[in-house]
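One structure is given here, and the rest of the page talks about it.
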Amino acid sequence: MRPFQQDRSIETIIFTHGDSDGICSGAIAKTAYPNSQVYFTSPVSLVKKLDLAKGYKRVIICDIAIDERTSTELLQRLKEVAKESSLTYIDHHPVPDKSWNESWLHNDPCACSSELTYKVLAHRLNRDVRRVAIYGAIGDYADDSDSVKLWCEDWDKRTLFFEAGALIQAIIYAGREFDFKRYLVEHLAKDKLPSDIPEVLEFASKCSQLEEQLRLRIRKQVKSLQNLAYVIDPQGYKSKSAIYAAAYGQRKVGGSAEYRQTKHSYDISFRSRSPVDLNHILREVAPRHGGTGGGLPEAAGARIPVTNFKEFLNDLDTRIGEEEHKLKEENITNKCH
């Protein structure tokens, strides 16, 4: 990957996430501000990476969750950036606390960042850019929002899902190839169909082949608790593994754990078909076992020391059951309403 080089002739820098929602958000922002550079980063790295914002007239941040451990430092750093540049922070992950009430923050947990980015920058965009927002929504399992459902009526939904599916699979296959992801942003910002972008269909096909092999492995390896099904070291995509763990384990929540030797811990990805808020539950349960956790209500992650892993899973399984029982009694079936 090429090192980032600041270009003084460029007015805008866009920080975004490297998944499909982040890439589509970044592409929408670049459509609004073509004279811009795109830099991919993560919640834990954002504080330090903001040093790259110095000298830019405009700073746009998309789809970067606020890391709770560094949230105080990050907020202070962002306030400093806002004094020197026009700052826009667009995100759909839950904010840590009420201190995050700045005018430059645009947050809605019930929409994906692509949808929010289009809405925030709509005054600089034409309606066709909504198609890129729809790709991002599909990639983030957020295509059921009122706005996205309305936007989909302007297109053949079958074509939208074909294009979005090819894009999503290619992004997953690319992994940490950020030059390729930047290349995708450039093409999407020019309203190119994903299927017309070189290498997208090839990468998507390879990803699907690997996913099929992964699915068949998980069908044999999955283990089920009372409310949670999980797989350990599936040798494949974690988020997809969590989905198939839930499916073949016949539970509403699935988890996929990968061992990290340098940390002597498991990194775990969770996906939920239940109305429980995984973000809230993991933030409560993970610290009790020496770990960290959080994310979105239906898609979250955790890092847990190996020695505490089984106890963590049992505790989490119990809390999911308790929360599901509570929501059933309160007749709550939708996380956003």
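Residues are named by chain letter and number: chains run A, B, ... in the order of the structure tokens, numbers start at 1 in each chain, and ligands are numbered from 1 in the order shown.
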Which residues come within 8 Å of region 37-42 of chain A, counting only C-alpha atoms, excluding same-chain residues fewer than 5 positions away, as a PyMOL selection string? chain A and resi 4+10+12-18+26+49+64-65+178+182
Kindly provide the residues of region 245-264 of chain A that approach region 308-328 of chain A to within 10 Å, each paired with its closest atom pair and their distance in Å to one decimal, based on only C-alpha atoms, listed by chain and increasing number, as a Markdown table.
```
| residue | atom | partner | partner_atom | distance |
| --- | --- | --- | --- | --- |
| A:Lys252 | CA | A:Ile320 | CA | 9.7 |
| A:Val253 | CA | A:Ile320 | CA | 8.5 |
| A:Gly255 | CA | A:Leu313 | CA | 9.5 |
| A:Ala257 | CA | A:Phe309 | CA | 9.6 |
```
Extract, using only C-alpha atoms, all DNA, RNA and protein residues at most 9 Å from Leu78 (chain A), discarding same-chain residues fewer than 5 positions from it, and format them as a count of residues only. 5
DSSP on the backbone: which residues in region 59-174 of chain A end up as alpha helix (DSSP H)? Give the answer as number ranges by chain. A: 71-84, 113-120, 130-139, 146-152, 157-174
Tell me, which residues of region 184-319 of chain A carry DSSP strand (DSSP E or B), written as an MDAnalysis selection string? chainID A and resid 223:224 228:232 253:260 265:272 292:295 299:305
Long-range neighbours of region 27-31 of chain A as a PyMOL selection string, 10 Å cut-off, only C-alpha atoms, 6 positions minimum in chain: chain A and resi 12-16+21+37-38+60-62+114-115+117-118+120-122+124-126+129-133+182+184-191
Mind writing the picked residues with N, CA, C and O atoms as a CSV table (one decimal), in the first residue's frame?
```
chain,number,residue,atom,x,y,z
A,12,THR,N,-10.1,19.1,0.7
A,12,THR,CA,-10.9,18.2,1.6
A,12,THR,C,-10.2,16.9,1.8
A,12,THR,O,-9.7,16.2,0.9
A,13,ILE,N,-10.2,16.4,3.1
A,13,ILE,CA,-9.8,15.0,3.4
A,13,ILE,C,-11.0,14.3,4.0
A,13,ILE,O,-11.8,14.8,4.8
A,14,ILE,N,-11.2,13.1,3.5
A,14,ILE,CA,-12.3,12.2,3.9
A,14,ILE,C,-11.7,11.0,4.7
A,14,ILE,O,-11.0,10.2,4.1
A,15,PHE,N,-12.1,10.9,6.0
A,15,PHE,CA,-11.7,9.7,6.7
A,15,PHE,C,-12.9,8.8,6.7
A,15,PHE,O,-14.0,9.2,7.1
A,16,THR,N,-12.7,7.5,6.4
A,16,THR,CA,-13.8,6.6,6.4
A,16,THR,C,-13.4,5.2,6.7
A,16,THR,O,-12.2,4.9,6.7
A,21,ASP,N,-20.1,-0.1,3.7
A,21,ASP,CA,-20.8,1.1,4.1
A,21,ASP,C,-19.9,2.3,4.1
A,21,ASP,O,-20.2,3.4,3.7
A,37,GLN,N,-9.2,14.0,-0.8
A,37,GLN,CA,-8.4,12.8,-0.6
A,37,GLN,C,-9.1,11.9,0.4
A,37,GLN,O,-9.8,12.4,1.3
A,38,VAL,N,-9.0,10.6,0.1
A,38,VAL,CA,-9.7,9.6,1.0
A,38,VAL,C,-8.7,8.8,1.8
A,38,VAL,O,-7.7,8.3,1.2
A,60,ILE,N,-14.0,15.6,6.6
A,60,ILE,CA,-15.3,14.8,6.6
A,60,ILE,C,-14.9,13.4,7.2
A,60,ILE,O,-14.0,12.7,6.7
A,61,ILE,N,-15.7,12.9,8.2
A,61,ILE,CA,-15.4,11.6,8.8
A,61,ILE,C,-16.7,10.8,8.6
A,61,ILE,O,-17.8,11.3,9.0
A,62,CYS,N,-16.6,9.6,8.0
A,62,CYS,CA,-17.8,8.8,7.8
A,62,CYS,C,-17.6,7.4,8.4
A,62,CYS,O,-16.6,6.8,8.2
A,114,SER,N,-24.0,5.4,4.9
A,114,SER,CA,-24.2,5.9,3.5
A,114,SER,C,-25.5,6.7,3.3
A,114,SER,O,-25.5,7.7,2.7
A,115,GLU,N,-26.6,6.2,4.0
A,115,GLU,CA,-27.8,7.0,3.9
A,115,GLU,C,-27.6,8.3,4.6
A,115,GLU,O,-28.0,9.4,4.0
A,117,THR,N,-24.8,10.0,5.0
A,117,THR,CA,-23.9,10.9,4.3
A,117,THR,C,-24.6,11.5,3.1
A,117,THR,O,-24.5,12.7,2.8
A,118,TYR,N,-25.5,10.8,2.4
A,118,TYR,CA,-26.3,11.4,1.3
A,118,TYR,C,-27.2,12.5,1.9
A,118,TYR,O,-27.2,13.6,1.3
A,120,VAL,N,-26.9,14.3,4.6
A,120,VAL,CA,-26.2,15.5,5.1
A,120,VAL,C,-25.6,16.3,4.0
A,120,VAL,O,-25.6,17.6,4.0
A,121,LEU,N,-25.2,15.7,2.9
A,121,LEU,CA,-24.6,16.4,1.8
A,121,LEU,C,-25.5,16.5,0.6
A,121,LEU,O,-25.0,16.9,-0.5
A,122,ALA,N,-26.8,16.3,0.8
A,122,ALA,CA,-27.7,16.2,-0.3
A,122,ALA,C,-27.8,17.5,-1.2
A,122,ALA,O,-28.0,17.5,-2.4
A,124,ARG,N,-25.5,19.1,-2.3
A,124,ARG,CA,-24.4,19.1,-3.3
A,124,ARG,C,-24.5,17.9,-4.2
A,124,ARG,O,-23.5,17.6,-4.9
A,125,LEU,N,-25.5,17.1,-4.1
A,125,LEU,CA,-25.6,15.9,-4.8
A,125,LEU,C,-26.9,15.8,-5.7
A,125,LEU,O,-27.9,16.5,-5.4
A,126,ASN,N,-26.8,15.0,-6.7
A,126,ASN,CA,-28.1,14.7,-7.5
A,126,ASN,C,-28.7,13.4,-7.0
A,126,ASN,O,-28.1,12.6,-6.3
A,129,VAL,N,-27.2,9.7,-7.0
A,129,VAL,CA,-26.2,9.3,-6.0
A,129,VAL,C,-26.8,8.4,-4.9
A,129,VAL,O,-26.2,7.7,-4.2
A,130,ARG,N,-28.2,8.5,-4.8
A,130,ARG,CA,-28.8,7.6,-3.8
A,130,ARG,C,-28.6,6.1,-4.1
A,130,ARG,O,-28.6,5.3,-3.2
A,131,ARG,N,-28.3,5.8,-5.3
A,131,ARG,CA,-28.0,4.4,-5.7
A,131,ARG,C,-26.8,3.9,-4.9
A,131,ARG,O,-26.8,2.8,-4.4
A,132,VAL,N,-25.7,4.8,-4.8
A,132,VAL,CA,-24.5,4.4,-4.0
A,132,VAL,C,-24.9,4.2,-2.6
A,132,VAL,O,-24.4,3.3,-1.9
A,133,ALA,N,-25.8,5.1,-2.1
A,133,ALA,CA,-26.2,5.0,-0.7
A,133,ALA,C,-27.0,3.7,-0.4
A,133,ALA,O,-26.8,3.0,0.6
A,182,ARG,N,-9.6,2.4,-2.4
A,182,ARG,CA,-9.6,3.8,-2.8
A,182,ARG,C,-10.0,3.9,-4.3
A,182,ARG,O,-10.7,4.9,-4.7
A,184,LEU,N,-12.0,1.9,-5.7
A,184,LEU,CA,-13.5,1.7,-5.8
A,184,LEU,C,-14.2,3.1,-5.5
A,184,LEU,O,-15.2,3.4,-6.1
A,185,VAL,N,-13.7,3.8,-4.5
A,185,VAL,CA,-14.3,5.1,-4.1
A,185,VAL,C,-14.3,6.0,-5.3
A,185,VAL,O,-15.2,6.7,-5.7
A,186,GLU,N,-13.1,6.1,-6.0
A,186,GLU,CA,-13.0,6.9,-7.2
A,186,GLU,C,-14.0,6.6,-8.3
A,186,GLU,O,-14.7,7.5,-8.8
A,187,HIS,N,-14.2,5.3,-8.5
A,187,HIS,CA,-15.2,4.9,-9.6
A,187,HIS,C,-16.6,5.1,-9.1
A,187,HIS,O,-17.5,5.6,-9.9
A,188,LEU,N,-16.9,4.8,-7.9
A,188,LEU,CA,-18.3,5.0,-7.4
A,188,LEU,C,-18.7,6.5,-7.3
A,188,LEU,O,-19.8,6.8,-7.6
A,189,ALA,N,-17.7,7.3,-7.0
A,189,ALA,CA,-17.9,8.7,-7.0
A,189,ALA,C,-18.3,9.3,-8.3
A,189,ALA,O,-18.9,10.4,-8.4
A,190,LYS,N,-17.9,8.6,-9.4
A,190,LYS,CA,-18.2,9.0,-10.8
A,190,LYS,C,-19.5,8.2,-11.3
A,190,LYS,O,-19.7,8.2,-12.5
A,191,ASP,N,-20.2,7.6,-10.4
A,191,ASP,CA,-21.4,6.9,-10.7
A,191,ASP,C,-21.2,5.7,-11.6
A,191,ASP,O,-22.1,5.3,-12.4
```
Find the residues near Leu282 (chain A): any atom within 12 Å, counting only C-alpha atoms, skip ones fewer than 3 places away on the same chain, and give them as number ranges by chain. A: 268-270, 276-279, 285-304, 312-313, 315-317, 319-320
For Leu52 (chain A), which residue among A:Val81, A:Leu225, A:Leu105, A:Ile23 is the nearest when counting only C-alpha atoms?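 Nearest to Leu52 (chain A): A:Val81.
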Pick out the residues sitting within 8 Å of Ser256 (chain A), and hand them over as a PDB file with C-alpha atoms, in the first residue's frame; count only C-alpha atoms, and ignore anything fewer than 5 positions along from it in its own chain.
```
ATOM      1  CA  TYR A 230     -20.664 -20.162  17.730  1.00  0.00           C
ATOM      2  CA  VAL A 231     -17.684 -21.462  15.787  1.00  0.00           C
ATOM      3  CA  ILE A 232     -13.991 -21.265  16.678  1.00  0.00           C
ATOM      4  CA  ASP A 233     -11.302 -20.532  14.073  1.00  0.00           C
ATOM      5  CA  PRO A 234     -13.497 -21.131  11.003  1.00  0.00           C
ATOM      6  CA  LYS A 238     -15.631 -13.698  10.540  1.00  0.00           C
ATOM      7  CA  SER A 239     -18.845 -11.792   9.884  1.00  0.00           C
ATOM      8  CA  SER A 241     -19.067 -17.162   9.788  1.00  0.00           C
ATOM      9  CA  ALA A 242     -21.202 -15.619  12.520  1.00  0.00           C
ATOM     10  CA  ALA A 245     -23.169 -20.182  12.901  1.00  0.00           C
ATOM     11  CA  ILE A 268     -15.156 -12.539  18.098  1.00  0.00           C
ATOM     12  CA  SER A 269     -17.656 -11.278  15.562  1.00  0.00           C
ATOM     13  CA  PHE A 270     -21.377 -11.518  16.388  1.00  0.00           C
TER      14      PHE A 270
END
```
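CA of Ile66 (chain A) is positioned 14.3 Å from CA of His280 (chain A).
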For Ser145 (chain A): contacts at 12 Å, only C-alpha atoms, fewer than 2 positions along chain excluded, given as a ChimeraX atom specification: /A:108-112,114-116,133-134,137-138,140-143,147-152,334-337
What separation in Å, quoted to one decimal, exists between CA of Ser113 (chain A) and CA of Ser25 (chain A)?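 Computing the Euclidean distance for CA of Ser113 (chain A) and CA of Ser25 (chain A) yields 6.1 Å.
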Pick out the closest residue to Asp67 (chain A) from this set: A:Leu46, A:Ile171, A:Val306, A:Ala82. Count only C-alpha atoms. A:Leu46
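Counting only C-alpha atoms, the residue from A:Arg58, A:Ser195, A:Ser224, A:Glu330 that sits nearest to Pro275 (chain A) is A:Glu330.
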Interatomic distance between CA of Pro194 (chain A) and CA of Leu210 (chain A)?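 The value is 20.3 Å.
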Using only C-alpha atoms, the shortest atom-to-atom distance to Pro198 (chain A) among A:Tyr89, A:Glu68, A:Leu167, A:Ser103 belongs to A:Leu167
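Take the candidates A:Asp196, A:Gly22, A:Ile243, A:Arg283 and check each one against Leu214 (chain A) using only C-alpha atoms; the shortest distance goes to A:Ile243.
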